[in-house]
Each structure stands twice: as structure tokens, then as C-alpha cells.
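Student: Pasting model04.txt here (compact mmCIF, C-alpha atoms and all ligand atoms):
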```
# COMPACT_ATOMS: atom_id res chain seq x y z
CA MET A 17 -88.39 -89.76 129.03
CA ALA A 18 -90.96 -92.58 129.06
CA GLN A 19 -89.24 -95.77 128.00
CA THR A 20 -90.94 -98.48 125.99
CA LEU A 21 -89.76 -102.03 126.56
CA LEU A 22 -90.29 -104.75 124.01
CA SER A 23 -89.74 -108.45 124.37
CA SER A 24 -87.18 -109.52 121.77
CA PRO A 25 -88.27 -112.90 120.41
CA LEU A 26 -86.46 -116.13 121.16
CA GLN A 27 -87.59 -119.02 118.98
CA GLY A 28 -88.28 -121.97 121.27
CA PHE A 29 -88.71 -119.80 124.37
CA THR A 30 -91.01 -116.80 124.02
CA ASP A 31 -94.08 -118.56 122.62
CA TYR A 32 -97.59 -117.56 123.69
CA ARG A 33 -97.43 -119.77 126.78
CA PHE A 34 -94.33 -117.99 127.99
CA ARG A 35 -95.62 -114.54 127.01
CA ASN A 36 -98.90 -114.96 128.88
CA ALA A 37 -97.27 -116.40 132.00
CA PHE A 38 -94.68 -113.64 131.88
CA ASN A 39 -97.29 -110.95 131.54
CA LYS A 40 -99.34 -112.37 134.40
CA TYR A 41 -96.53 -112.62 136.95
CA PHE A 42 -94.01 -109.94 135.97
CA GLY A 43 -95.22 -107.38 133.43
CA GLY A 44 -93.09 -104.39 132.46
CA ILE A 45 -93.18 -105.29 128.76
CA ASP A 46 -95.22 -103.06 126.46
CA THR A 47 -95.05 -105.18 123.32
CA TYR A 48 -94.00 -108.73 122.55
CA TYR A 49 -92.45 -109.65 119.20
CA ALA A 50 -93.41 -113.22 118.36
CA PRO A 51 -90.63 -115.54 117.18
CA TYR A 52 -90.30 -115.64 113.41
CA ILE A 53 -92.49 -117.47 110.92
CA ARG A 54 -90.42 -119.31 108.33
CA LEU A 55 -91.98 -121.04 105.35
CA ASN A 56 -89.21 -123.24 103.93
CA GLY A 57 -90.31 -122.97 100.32
CA LYS A 58 -93.94 -124.02 100.80
CA MET A 59 -96.78 -121.53 101.07
CA VAL A 60 -98.05 -123.17 104.23
CA ILE A 61 -98.12 -121.79 107.75
CA LYS A 62 -97.06 -124.47 110.21
CA PRO A 63 -99.58 -125.21 113.02
CA VAL A 64 -96.98 -124.22 115.64
CA TYR A 65 -96.94 -120.65 114.22
CA GLU A 66 -100.72 -120.60 113.87
CA ARG A 67 -101.21 -121.49 117.53
CA ASP A 68 -98.63 -118.94 118.58
CA LEU A 69 -100.33 -116.06 116.80
CA GLN A 70 -104.03 -116.77 117.24
CA LEU A 71 -105.61 -113.81 118.99
CA LYS A 72 -107.34 -116.10 121.48
CA HIS A 73 -103.87 -117.07 122.73
CA ASN A 74 -102.70 -113.48 122.98
CA LYS A 75 -105.70 -111.73 124.50
CA ALA A 76 -104.04 -109.79 127.28
CA ILE A 77 -100.89 -108.74 125.46
CA GLU A 78 -99.82 -106.74 122.44
CA VAL A 79 -97.99 -108.96 119.97
CA ILE A 80 -96.24 -108.18 116.70
CA PRO A 81 -95.67 -111.17 114.42
CA GLN A 82 -92.34 -111.64 112.68
CA VAL A 83 -91.22 -113.25 109.44
CA MET A 84 -87.85 -114.44 108.22
CA THR A 85 -87.58 -114.73 104.44
CA CYS A 86 -85.69 -113.41 101.44
CA ASN A 87 -88.51 -114.03 99.00
CA ALA A 88 -91.14 -111.43 98.08
CA ASP A 89 -93.90 -113.98 97.41
CA GLU A 90 -93.34 -115.57 100.81
CA PHE A 91 -93.31 -112.15 102.41
CA LEU A 92 -96.64 -111.27 100.81
CA PHE A 93 -98.13 -114.64 101.76
CA VAL A 94 -97.18 -114.11 105.41
CA ILE A 95 -98.46 -110.52 105.35
CA LYS A 96 -101.85 -111.73 104.15
CA TYR A 97 -101.86 -114.49 106.73
CA VAL A 98 -101.13 -112.20 109.69
CA GLN A 99 -103.62 -109.66 108.39
CA SER A 100 -106.26 -112.40 108.24
CA LEU A 101 -105.66 -112.93 111.97
CA GLY A 102 -106.14 -109.21 112.64
CA TYR A 103 -102.55 -107.99 112.91
CA THR A 104 -101.65 -104.66 111.33
CA GLU A 105 -97.85 -104.88 111.62
CA LEU A 106 -95.27 -107.44 110.53
CA ASN A 107 -91.69 -107.39 111.71
CA TRP A 108 -88.99 -108.55 109.28
CA ASN A 109 -86.06 -110.50 110.72
CA LEU A 110 -82.72 -109.51 109.18
CA GLY A 111 -80.80 -110.56 112.25
CA CYS A 112 -80.64 -114.35 112.50
CA PRO A 113 -76.94 -115.35 112.39
CA TYR A 114 -77.05 -119.11 111.89
CA PRO A 115 -75.20 -120.64 108.87
CA MET A 116 -78.29 -122.57 107.68
CA VAL A 117 -80.13 -119.26 107.41
CA ILE A 118 -77.23 -117.20 106.04
CA ASN A 119 -76.48 -119.77 103.33
CA ARG A 120 -80.01 -119.23 102.05
CA GLY A 121 -79.56 -115.46 101.98
CA MET A 122 -81.89 -114.83 104.91
CA GLY A 123 -81.56 -113.22 108.33
CA SER A 124 -78.39 -111.19 108.71
CA GLY A 125 -77.21 -112.73 105.40
CA LEU A 126 -79.65 -110.44 103.60
CA ILE A 127 -78.29 -107.16 105.01
CA ALA A 128 -75.55 -107.04 102.36
CA ASP A 129 -78.16 -107.22 99.59
CA PRO A 130 -79.95 -103.83 99.64
CA ASP A 131 -81.42 -104.42 96.15
CA LYS A 132 -83.26 -107.50 97.32
CA ILE A 133 -84.43 -105.68 100.44
CA ASP A 134 -85.69 -102.91 98.19
CA HIS A 135 -87.54 -105.34 95.91
CA ILE A 136 -89.29 -107.07 98.80
CA LEU A 137 -90.26 -103.83 100.54
CA LYS A 138 -91.48 -102.35 97.26
CA ARG A 139 -93.81 -105.25 96.61
CA ALA A 140 -95.02 -105.31 100.20
CA HIS A 141 -95.84 -101.61 100.12
CA GLU A 142 -97.36 -101.62 96.65
CA GLU A 143 -99.46 -104.71 97.15
CA THR A 144 -100.54 -104.50 100.79
CA ASP A 145 -101.34 -101.92 103.44
CA ILE A 146 -99.52 -103.54 106.35
CA THR A 147 -97.07 -101.63 108.55
CA ILE A 148 -93.57 -103.07 108.39
CA SER A 149 -90.88 -102.86 111.02
CA MET A 150 -87.36 -104.23 110.85
CA LYS A 151 -85.21 -106.20 113.23
CA MET A 152 -81.60 -106.22 112.09
CA ARG A 153 -78.05 -106.85 113.10
CA MET A 154 -75.51 -104.33 111.79
CA GLY A 155 -74.35 -106.72 109.09
CA TYR A 156 -73.14 -110.26 108.66
CA ASP A 157 -69.44 -109.69 107.87
CA ASN A 158 -69.00 -106.17 109.15
CA CYS A 159 -70.92 -103.47 110.94
CA HIS A 160 -70.97 -101.10 107.94
CA GLU A 161 -73.25 -103.28 105.84
CA ILE A 162 -76.36 -101.88 107.50
CA LEU A 163 -75.42 -98.31 106.54
CA ASP A 164 -76.01 -99.09 102.86
CA THR A 165 -79.52 -100.32 103.60
CA PHE A 166 -80.63 -97.06 105.25
CA PRO A 167 -81.17 -95.08 102.00
CA ILE A 168 -83.35 -97.99 100.77
CA LEU A 169 -85.31 -98.27 104.00
CA GLU A 170 -85.92 -94.51 103.91
CA ARG A 171 -87.98 -94.96 100.74
CA TYR A 172 -90.62 -96.75 102.79
CA PRO A 173 -92.76 -95.86 105.81
CA ILE A 174 -90.93 -98.38 108.01
CA ARG A 175 -92.27 -98.05 111.55
CA ASN A 176 -88.91 -98.65 113.19
CA ILE A 177 -85.59 -100.41 112.83
CA ALA A 178 -84.68 -102.46 115.89
CA ILE A 179 -80.93 -103.02 115.83
CA HIS A 180 -79.13 -105.80 117.67
CA ALA A 181 -75.74 -104.17 118.00
CA ARG A 182 -73.71 -107.14 116.76
CA ILE A 183 -72.84 -108.62 113.39
CA GLY A 184 -74.02 -112.07 112.29
CA LYS A 185 -70.52 -113.55 112.17
CA GLN A 186 -70.21 -112.96 115.90
CA LEU A 187 -73.23 -115.14 116.66
CA TYR A 188 -73.65 -114.27 120.35
CA GLU A 189 -69.92 -114.02 121.10
CA GLY A 190 -68.07 -110.89 122.04
CA GLY A 191 -69.69 -107.71 123.22
CA VAL A 192 -72.17 -105.41 121.55
CA ASP A 193 -70.62 -102.77 119.29
CA LEU A 194 -71.91 -99.50 120.65
CA GLU A 195 -69.79 -97.36 118.33
CA GLY A 196 -71.29 -99.19 115.38
CA PHE A 197 -74.74 -98.60 116.85
CA GLN A 198 -73.98 -94.88 117.25
CA ARG A 199 -73.02 -94.79 113.55
CA CYS A 200 -76.47 -96.21 112.75
CA LEU A 201 -78.09 -93.46 114.81
CA ASP A 202 -75.98 -90.83 113.03
CA THR A 203 -76.81 -92.24 109.59
CA SER A 204 -80.45 -93.31 109.62
CA ALA A 205 -83.28 -90.81 109.53
CA GLN A 206 -85.72 -93.45 110.75
CA LYS A 207 -86.84 -94.49 114.19
CA ILE A 208 -84.25 -96.78 115.78
CA TYR A 209 -84.80 -99.17 118.69
CA TYR A 210 -81.86 -100.61 120.65
CA ASN A 211 -81.29 -104.34 121.25
CA GLY A 212 -78.46 -106.28 122.85
CA ASP A 213 -77.22 -107.45 126.26
CA ILE A 214 -79.59 -105.55 128.53
CA THR A 215 -79.39 -107.87 131.51
CA THR A 216 -79.57 -105.62 134.57
CA VAL A 217 -81.15 -102.34 135.64
CA ASP A 218 -77.67 -100.81 135.91
CA ARG A 219 -76.85 -101.83 132.36
CA PHE A 220 -80.11 -100.30 131.18
CA ARG A 221 -79.20 -97.04 132.97
CA GLU A 222 -75.77 -97.03 131.29
CA MET A 223 -77.44 -97.46 127.92
CA THR A 224 -79.98 -94.69 128.45
CA ASP A 225 -77.11 -92.38 129.46
CA ARG A 226 -75.14 -93.33 126.39
CA PHE A 227 -78.05 -93.15 123.92
CA PRO A 228 -80.38 -90.42 125.20
CA SER A 229 -82.35 -90.31 121.94
CA ILE A 230 -83.43 -93.96 122.24
CA ASP A 231 -86.76 -94.58 123.94
CA HIS A 232 -87.54 -98.12 122.70
CA TRP A 233 -85.52 -101.08 123.97
CA LEU A 234 -85.75 -104.76 123.09
CA ILE A 235 -84.81 -107.24 125.78
CA GLY A 236 -84.32 -110.88 124.81
CA ARG A 237 -82.24 -113.26 126.89
CA GLY A 238 -82.10 -110.88 129.84
CA LEU A 239 -85.83 -111.11 130.27
CA ILE A 240 -85.83 -114.90 130.49
CA ALA A 241 -82.81 -114.95 132.79
CA ASP A 242 -84.39 -112.37 135.08
CA PRO A 243 -88.11 -111.92 134.41
CA PHE A 244 -88.30 -109.16 137.05
CA LEU A 245 -85.98 -106.99 134.97
CA PRO A 246 -88.50 -105.11 132.76
CA GLN A 247 -90.74 -104.05 135.66
CA MET A 248 -87.71 -103.09 137.75
CA ILE A 249 -86.51 -100.92 134.85
CA LYS A 250 -89.94 -99.34 134.66
CA ASP A 251 -89.95 -98.74 138.42
CA ASN A 252 -86.37 -97.49 138.26
CA THR A 253 -85.31 -99.75 141.09
CA THR A 254 -82.69 -102.44 141.63
CA ALA A 255 -84.70 -103.96 144.49
CA TYR A 256 -86.58 -107.19 143.90
CA PRO A 257 -90.07 -107.61 145.34
CA GLU A 258 -90.04 -109.17 148.82
CA ASP A 259 -91.95 -112.18 147.55
CA ARG A 260 -89.53 -112.63 144.63
CA TRP A 261 -89.27 -116.41 144.91
CA GLU A 262 -92.97 -116.96 145.50
CA ILE A 263 -93.75 -115.04 142.33
CA PHE A 264 -91.02 -116.80 140.42
CA SER A 265 -92.16 -120.22 141.58
CA LYS A 266 -95.77 -119.51 140.56
CA PHE A 267 -94.51 -118.41 137.15
CA HIS A 268 -92.36 -121.52 136.89
CA ASN A 269 -95.29 -123.78 137.84
CA THR A 270 -97.55 -122.13 135.26
CA LEU A 271 -94.97 -122.59 132.54
CA PHE A 272 -94.39 -126.18 133.64
CA SER A 273 -98.05 -127.12 133.58
CA GLU A 274 -98.51 -125.49 130.17
CA TYR A 275 -95.69 -127.60 128.73
CA GLU A 276 -96.84 -130.69 130.60
CA GLN A 277 -100.16 -130.37 128.77
CA LYS A 278 -98.51 -129.72 125.42
CA LEU A 279 -95.63 -132.21 125.37
CA SER A 280 -95.87 -135.94 125.75
CA GLY A 281 -93.73 -137.69 128.31
CA ALA A 282 -91.67 -136.53 131.25
CA LYS A 283 -88.47 -136.53 129.18
CA HIS A 284 -89.73 -133.85 126.79
CA VAL A 285 -91.23 -131.67 129.50
CA ILE A 286 -88.02 -131.82 131.53
CA MET A 287 -85.88 -131.05 128.46
CA LYS A 288 -88.01 -128.01 127.74
CA MET A 289 -87.77 -126.80 131.33
CA VAL A 290 -83.99 -127.41 131.37
CA SER A 291 -83.68 -125.07 128.39
CA TYR A 292 -85.42 -122.37 130.46
CA TRP A 293 -83.30 -123.17 133.52
CA GLU A 294 -80.19 -122.52 131.43
CA TYR A 295 -81.40 -118.91 131.43
CA PHE A 296 -83.13 -118.79 134.85
CA ALA A 297 -79.92 -119.99 136.53
CA GLN A 298 -77.71 -117.29 135.01
CA PRO A 299 -78.19 -114.55 137.60
CA LEU A 300 -78.26 -117.04 140.51
CA PRO A 301 -75.31 -118.24 142.55
CA ASN A 302 -73.75 -121.38 141.11
CA PRO A 303 -75.71 -121.53 137.84
CA LYS A 304 -73.92 -124.67 136.60
CA LYS A 305 -74.95 -126.59 139.68
CA ILE A 306 -78.56 -125.47 139.26
CA VAL A 307 -78.72 -126.57 135.63
CA LYS A 308 -77.08 -129.88 136.55
CA MET A 309 -79.67 -130.48 139.27
CA VAL A 310 -82.59 -130.21 136.83
CA LYS A 311 -80.80 -131.84 133.93
CA LYS A 312 -80.17 -135.09 135.75
CA THR A 313 -83.84 -135.63 136.66
CA LYS A 314 -85.68 -138.40 134.83
CA THR A 315 -89.20 -138.29 136.27
CA ILE A 316 -91.56 -135.43 137.03
CA GLU A 317 -91.27 -136.29 140.72
CA ASP A 318 -87.46 -135.99 140.57
CA TYR A 319 -87.82 -132.73 138.70
CA ASP A 320 -90.25 -131.30 141.28
CA ASN A 321 -87.87 -132.27 144.08
CA ALA A 322 -84.90 -130.69 142.30
CA VAL A 323 -86.83 -127.45 141.74
CA ALA A 324 -87.99 -127.41 145.38
CA GLN A 325 -84.34 -127.78 146.44
CA ILE A 326 -83.27 -124.95 144.12
CA PHE A 327 -85.90 -122.61 145.54
CA GLU A 328 -84.82 -123.58 149.04
CA MET A 329 -81.19 -122.78 148.12
CA VAL A 330 -81.90 -119.40 146.55
CA ARG A 331 -84.29 -118.31 149.31
CA ASN A 332 -81.53 -118.91 151.85
CA GLU A 333 -78.90 -116.98 149.92
C1 LIG A 401 -82.32 -119.10 121.20
C2 LIG A 401 -82.56 -117.78 120.50
C3 LIG A 401 -83.63 -117.65 119.62
C4 LIG A 401 -83.85 -116.42 118.97
N1 LIG A 401 -84.94 -116.30 118.12
C5 LIG A 401 -85.16 -115.11 117.51
C6 LIG A 401 -86.30 -114.91 116.66
O1 LIG A 401 -87.15 -115.78 116.46
N2 LIG A 401 -86.44 -113.68 116.07
C7 LIG A 401 -85.55 -112.65 116.30
O2 LIG A 401 -85.73 -111.56 115.76
N3 LIG A 401 -84.49 -112.82 117.12
C8 LIG A 401 -84.29 -114.00 117.72
N4 LIG A 401 -83.24 -114.12 118.58
C9 LIG A 401 -82.41 -112.92 118.89
C10 LIG A 401 -82.97 -112.17 120.10
O3 LIG A 401 -84.30 -111.71 119.87
C11 LIG A 401 -82.12 -110.91 120.40
O4 LIG A 401 -82.11 -110.08 119.29
C12 LIG A 401 -80.69 -111.27 120.79
O5 LIG A 401 -80.66 -112.32 121.72
C13 LIG A 401 -79.98 -110.03 121.38
O6 LIG A 401 -80.72 -109.45 122.42
P1 LIG A 401 -80.48 -109.84 123.96
O7 LIG A 401 -79.02 -109.62 124.25
O8 LIG A 401 -81.38 -108.91 124.73
O9 LIG A 401 -80.84 -111.29 124.11
C14 LIG A 401 -82.99 -115.32 119.22
C15 LIG A 401 -81.93 -115.47 120.11
C16 LIG A 401 -81.70 -116.67 120.75
C17 LIG A 401 -80.54 -116.79 121.71
```
Rewrite the structure from the file as C-alpha cells, please.
Tutor:
Amino acid sequence: MAQTLLSSPLQGFTDYRFRNAFNKYFGGIDTYYAPYIRLNGKMVIKPVYERDLQLKHNKAIEVIPQVMTCNADEFLFVIKYVQSLGYTELNWNLGCPYPMVINRGMGSGLIADPDKIDHILKRAHEETDITISMKMRMGYDNCHEILDTFPILERYPIRNIAIHARIGKQLYEGGVDLEGFQRCLDTSAQKIYYNGDITTVDRFREMTDRFPSIDHWLIGRGLIADPFLPQMIKDNTTAYPEDRWEIFSKFHNTLFSEYEQKLSGAKHVIMKMVSYWEYFAQPLPNPKKIVKMVKKTKTIEDYDNAVAQIFEMVRNE
């Protein structure tokens, strides 16, 4: 079965700069979900979201914008905004697990409120012609919450429900709950996509064996930690390209120069790159040491030297 791979959004990481650099050097991703738009009570789209979604910044890739809200007026405002940019689909985030979000009844905190979900979807479908897709956890408190939303979601032509197989309370701790995910498959009549902890080709193979009906997979952190992963999945291989580190270093340098142009001062650029290295280092030997090496740099020159040393280390592994 042909498998579709989607980039699961990470706010602060998978912006248009990352997406374009990723697409240029690695590929393997069919569609990129953009990190969520959040309005915070005002009907204003922040410039950071505007830049991220402008078509001129997303020419070579297919992007689906995302919103996180529990308010129908906000939802409609964002629908009209993304439509004005030319998008035909909006993804709704019912997955975010953070207390600040949950306390406001958003993200995974909204899953236990099917009436509100119904109200928002009703208005969106009655008042606009956008396609809506969902990105959900299985609940906030327990993995059964999502089951009560399925009869509501089935009233609408939802394109798909991407399910991160955890509950909000877990944050990112503990494993994914594959039995809970199977219950979703058994209960929902709609198109389900899988999301959660796909970090290696072998793991992807395990998941396709376990869920043969799934043909759409979202990869989030695994794709930053190992950007070769999606194309290796597509090629059904566990072998990296021979010029793995050359490709990776070109990607790194592109990302670096993008952020160097955007952010002011070495400190901010280095902090940004350290946040990526926290992922990049994960599949490498001695990840803590690698992160420490970049974290302690204070100037761009120091940073460049640290990165050169890291590449030297990993090439010789
Ligand atoms: C730092 C961070 C930021 C995230 N931002 C978003 C976001 O903007 N929208 C969203 O739907 N999910 C967001 N997520 C969740 C991921 O998209 C994904 O669902 C989750 O990490 C599980 O998939 P994975 O194991 O493949 O990473 C974020 C996760 C992290 C760790």
C-alpha cells in the first residue's frame, strides 16, 4: 500500500524556513501541517503566523494551516484568513496538552466537550466552504474521551482525524497507547491518520504491521531528530545515503543562515540552533555531550567550531 507521510507540526521548529530546507535536502514528506495559529482573544493574526503561511514562503511544498481555539468566532475568522491566502483546508488542533491551553478549554482540553466541538463545526460548515481536518489526542484525562466525539464528527465531512495516541495528561511521557488507538479505529467511521513516536524505519514497519488499514502517518519529533527518516521509509531502507553528513551539514547551514538573517545577535541564533540540536543529537552517540558542546558557545565562531567538531566526531563513528 502506498504510504502518505505528513510532517506533524512543532511550534517553534517546523516553520517555513525549516520546512523548505527540509524539503530541499531530505524530502519524503507529502504534506506539512503548519504549527497552530492562536488568537488569544483578539481577531488579529500575528505577523509570525502570516509569514509562516504566505504562499510565497511555501512555494515548493504542500502546507495545511492549523488553528487552536475553542471559540466559533475565532475559528471562522481564521478560516476566512487562510482562505484569503488561498488555502482550502484548515486543521483543528485538539491535541495540545499544556496546562495554559487546557485551562482555557482548548487543545486536548476540548475533547471532553463534544457539544462545543459540535457547535464550532456546525458554524464552520454552515458559514464557510472550507475543508476541515482534525488533529487530536485520545482525551485529556482518559483515552475514552475521544470515542464520544466520533458520533459528532461523523455529522460533518471531516477530511481526516489524525490521532496522537496519547492523552493530554501524559504530556510526552510514557508510551503511546496502541490499544486505545485500535479502539478509535474500531469506533470511528471516518478516515484516521496515525501519529506518535515514529522515530525509526523499524518502528514504522512495526506500526504498518499492527495497523494495516492506516495509510497516512504523521511524524513530528522523529523527523527533526532524523531528517532522513521519511525518505528512508519511502525507500523502505534502513541504510543512510553515503553522503549523509554532507547532506546534513548543508541542511544545518541553510537553517543556520536563515535564522541568522531573522534573529538579532549571536545569542539568539545559537539558542535557536541549540533547540534543534536537542533533537538532532538524539539518534547520535553521546547526545548529551553534543548538546553541551553547542550550548556552551557564545559567539558564532565558537558555534561554527563546535559544529565542525561534532561533524568530525560523527563522521568517524
Ligand atoms: C515542541 C512541540 C511543539 C508542538 N507544536 C504542535 C503544534 O503546533 N500543533 C500540533 O498539532 N502539534 C504540535 N505538537 C505535537 C506534535 O505535532 C506531535 O503530535 C507529537 O509530538 C507526537 O508525534 P511525534 O511522536 O511524531 O513527535 C508539538 C510537539 C512538540 C514537542
Student: Env of Cys159 in chain A: 9 Å cut, atoms = only C-alpha atoms, seq-sep filter 2 positions within chain, self excluded. Answer as a ChimeraX atom specification.
Tutor: /A:153-157,161-163,181-183,193,196-197
Student: For CA of Leu194 in chain A and atom O9 of ligand LIG 401 (chain A), quote the distance in Å rounded to one decimal.
Tutor: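 The value is 15.2 Å.
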Student: With distances taken over all atoms listed in the file, which residue among A:Gly184, A:Pro81, A:Gly57, A:Pro301 lies nearest Cys112 in chain A?
Tutor: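 Once distances to Cys112 in chain A are computed over all atoms listed in the file, the minimum belongs to A:Gly184.
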Student: Just checking: using all atoms listed in the file, which residue out of A:Trp108, A:Phe93, A:Tyr32, A:Tyr275 ends up closest to ligand LIG 401 (chain A)?
Tutor: A:Trp108
Student: Please check which protein, DNA or RNA residues sit within 9 Å of ligand LIG 401 (chain A), counting only C-alpha atoms and all ligand atoms, and write them as an NGL selection string.
Tutor: :A and (23-30 or 49-53 or 82-84 or 107-113 or 123 or 150-153 or 178-182 or 188 or 192 or 211-215 or 233-240)
Student: Could you please take those selected residues and save C-alpha atoms as a compact mmCIF listing (two decimals), in the coordinates of the input?
Tutor:
```
# COMPACT_ATOMS: atom_id res chain seq x y z
CA SER A 23 -89.74 -108.45 124.37
CA SER A 24 -87.18 -109.52 121.77
CA PRO A 25 -88.27 -112.90 120.41
CA LEU A 26 -86.46 -116.13 121.16
CA GLN A 27 -87.59 -119.02 118.98
CA GLY A 28 -88.28 -121.97 121.27
CA PHE A 29 -88.71 -119.80 124.37
CA THR A 30 -91.01 -116.80 124.02
CA TYR A 49 -92.45 -109.65 119.20
CA ALA A 50 -93.41 -113.22 118.36
CA PRO A 51 -90.63 -115.54 117.18
CA TYR A 52 -90.30 -115.64 113.41
CA ILE A 53 -92.49 -117.47 110.92
CA GLN A 82 -92.34 -111.64 112.68
CA VAL A 83 -91.22 -113.25 109.44
CA MET A 84 -87.85 -114.44 108.22
CA ASN A 107 -91.69 -107.39 111.71
CA TRP A 108 -88.99 -108.55 109.28
CA ASN A 109 -86.06 -110.50 110.72
CA LEU A 110 -82.72 -109.51 109.18
CA GLY A 111 -80.80 -110.56 112.25
CA CYS A 112 -80.64 -114.35 112.50
CA PRO A 113 -76.94 -115.35 112.39
CA GLY A 123 -81.56 -113.22 108.33
CA MET A 150 -87.36 -104.23 110.85
CA LYS A 151 -85.21 -106.20 113.23
CA MET A 152 -81.60 -106.22 112.09
CA ARG A 153 -78.05 -106.85 113.10
CA ALA A 178 -84.68 -102.46 115.89
CA ILE A 179 -80.93 -103.02 115.83
CA HIS A 180 -79.13 -105.80 117.67
CA ALA A 181 -75.74 -104.17 118.00
CA ARG A 182 -73.71 -107.14 116.76
CA TYR A 188 -73.65 -114.27 120.35
CA VAL A 192 -72.17 -105.41 121.55
CA ASN A 211 -81.29 -104.34 121.25
CA GLY A 212 -78.46 -106.28 122.85
CA ASP A 213 -77.22 -107.45 126.26
CA ILE A 214 -79.59 -105.55 128.53
CA THR A 215 -79.39 -107.87 131.51
CA TRP A 233 -85.52 -101.08 123.97
CA LEU A 234 -85.75 -104.76 123.09
CA ILE A 235 -84.81 -107.24 125.78
CA GLY A 236 -84.32 -110.88 124.81
CA ARG A 237 -82.24 -113.26 126.89
CA GLY A 238 -82.10 -110.88 129.84
CA LEU A 239 -85.83 -111.11 130.27
CA ILE A 240 -85.83 -114.90 130.49
```
Student: Complete the atoms of range 138-152 of chain A to N, CA and C atoms and put them out as a CSV table (one decimal), keeping the file's coordinate frame.
Tutor:
```csv
chain,number,residue,atom,x,y,z
A,138,LYS,N,-90.7,-103.0,98.3
A,138,LYS,CA,-91.5,-102.4,97.3
A,138,LYS,C,-92.8,-103.1,97.0
A,139,ARG,N,-92.6,-104.4,96.9
A,139,ARG,CA,-93.8,-105.2,96.6
A,139,ARG,C,-94.7,-105.2,97.8
A,140,ALA,N,-94.2,-105.3,99.0
A,140,ALA,CA,-95.0,-105.3,100.2
A,140,ALA,C,-95.8,-104.0,100.3
A,141,HIS,N,-95.2,-102.9,100.0
A,141,HIS,CA,-95.8,-101.6,100.1
A,141,HIS,C,-96.8,-101.3,99.0
A,142,GLU,N,-96.5,-101.8,97.8
A,142,GLU,CA,-97.4,-101.6,96.6
A,142,GLU,C,-98.6,-102.5,96.7
A,143,GLU,N,-98.4,-103.7,97.3
A,143,GLU,CA,-99.5,-104.7,97.2
A,143,GLU,C,-100.2,-104.9,98.4
A,144,THR,N,-99.8,-104.3,99.5
A,144,THR,CA,-100.5,-104.5,100.8
A,144,THR,C,-100.5,-103.2,101.6
A,145,ASP,N,-101.3,-103.1,102.6
A,145,ASP,CA,-101.3,-101.9,103.4
A,145,ASP,C,-100.8,-102.2,104.9
A,146,ILE,N,-100.0,-103.2,105.0
A,146,ILE,CA,-99.5,-103.5,106.4
A,146,ILE,C,-98.4,-102.6,106.7
A,147,THR,N,-98.2,-102.4,108.1
A,147,THR,CA,-97.1,-101.6,108.6
A,147,THR,C,-95.9,-102.6,108.7
A,148,ILE,N,-94.7,-102.2,108.3
A,148,ILE,CA,-93.6,-103.1,108.4
A,148,ILE,C,-92.5,-102.4,109.3
A,149,SER,N,-92.0,-103.3,110.2
A,149,SER,CA,-90.9,-102.9,111.0
A,149,SER,C,-89.7,-103.8,110.8
A,150,MET,N,-88.5,-103.4,111.1
A,150,MET,CA,-87.4,-104.2,110.8
A,150,MET,C,-86.7,-104.6,112.2
A,151,LYS,N,-86.1,-105.8,112.1
A,151,LYS,CA,-85.2,-106.2,113.2
A,151,LYS,C,-83.9,-106.7,112.6
A,152,MET,N,-82.8,-106.0,112.8
A,152,MET,CA,-81.6,-106.2,112.1
A,152,MET,C,-80.4,-106.3,113.0
```
